[in-house]
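Student: Pasting a structure here, questions to come.
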Amino acid sequence: READAEASLAAGLLQAPGNADLLHAQGLLRVRQGRMSEALPLFAQAATAAPDNLRYAYVHAIALHDAGQVPAAITELERALARHPDSPELLVGLRDYSQSMGDSAAATRYGKRLDEVLATAR
């Protein structure tokens, strides 16, 4: 029922242009359709439209990473971390992506912060 989903999302965006929820959902639909290059700008728009939504920023960063844009993914995660400093998923992403870029100091810093956050949550 992808065609129905596509039509519903398009209609919704006509009624509410820039709606972060609809943009994000349309991005996910594009990923399911194998159209990643079309999903990236939708995820970016959703993250921009709802900057306090951790999930939108995280998904955008993962999509950037998967598209080979690791520095941009790190920037997106750092921007989200400024709003959500105790997010384990953001810290894991930053630790792992920093390590993959050869930035051991940043990876260590994010890993230590992750340990602190997890210790506090217990």
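Labeling convention for the structure tokens: chains A, B, ... as they appear, residues from 1 per chain, ligands from 1 in order of appearance.
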Within 12 Å of Ala5 in chain A, counting only C-alpha atoms, which residues qualify if same-chain residues fewer than 2 places away don't, as a ChimeraX atom specification?

Tutor: /A:1-3,7-12,22,25-30,32-33

Student: Could you list, as a list of chain:residue names, every residue within 9 Å of Ala67 in chain A, counting only C-alpha atoms and ignoring same-chain residues fewer than 6 positions away?

Tutor: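 Here the qualifying residues turn out to be A:Met36, A:Ser37, A:Leu40.
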
Student: Residues of the last selection are to be written out with N, CA, C and O atoms, as a compact mmCIF listing (two decimals), in the first residue's frame.

Tutor:
```txt
# COMPACT_ATOMS: atom_id res chain seq x y z
N MET A 36 17.06 6.67 -1.38
CA MET A 36 17.76 7.36 -0.30
C MET A 36 18.09 8.81 -0.65
O MET A 36 18.01 9.68 0.21
N SER A 37 18.47 9.05 -1.90
CA SER A 37 18.84 10.42 -2.26
C SER A 37 17.66 11.38 -2.11
O SER A 37 17.86 12.57 -1.87
N LEU A 40 17.07 11.93 2.09
CA LEU A 40 17.95 12.82 2.86
C LEU A 40 17.40 14.23 3.03
O LEU A 40 17.36 14.73 4.16
```

Student: Using only C-alpha atoms, which protein or nucleic acid residues come within 12 Å of range 90-97 of chain A? Drop anything in the same chain fewer than 3 positions from it, and give the result as a PyMOL selection string.

Tutor: chain A and resi 54-62+64-66+68-87+100-118

Student: Mind giving me the straight-line distance from CA of Asn19 in chain A to CA of Pro88 in chain A in Å, one decimal?

Tutor: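 Interatomic distance, CA of Asn19 in chain A to CA of Pro88 in chain A: 26.8 Å.
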
Student: State, in Å with one decimal place, the distance from CA of Arg122 in chain A to CA of Pro51 in chain A.

Tutor: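 Spanning CA of Arg122 in chain A to CA of Pro51 in chain A is a straight-line distance of 28.1 Å.
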
Student: Mind giving me the straight-line distance from CA of Gly34 in chain A to CA of Gly18 in chain A in Å, one decimal?

Tutor: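 Value for the CA of Gly34 in chain A-CA of Gly18 in chain A distance: 22.7 Å.
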
Student: Out of A:Ala16, A:Ala63, A:Glu6, A:Asp21, which residue has the shortest atom-to-atom distance to Pro41 in chain A when counting only C-alpha atoms?

Tutor: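 Between A:Ala16, A:Ala63, A:Glu6, A:Asp21, the residue approaching Pro41 in chain A most closely is A:Ala63.
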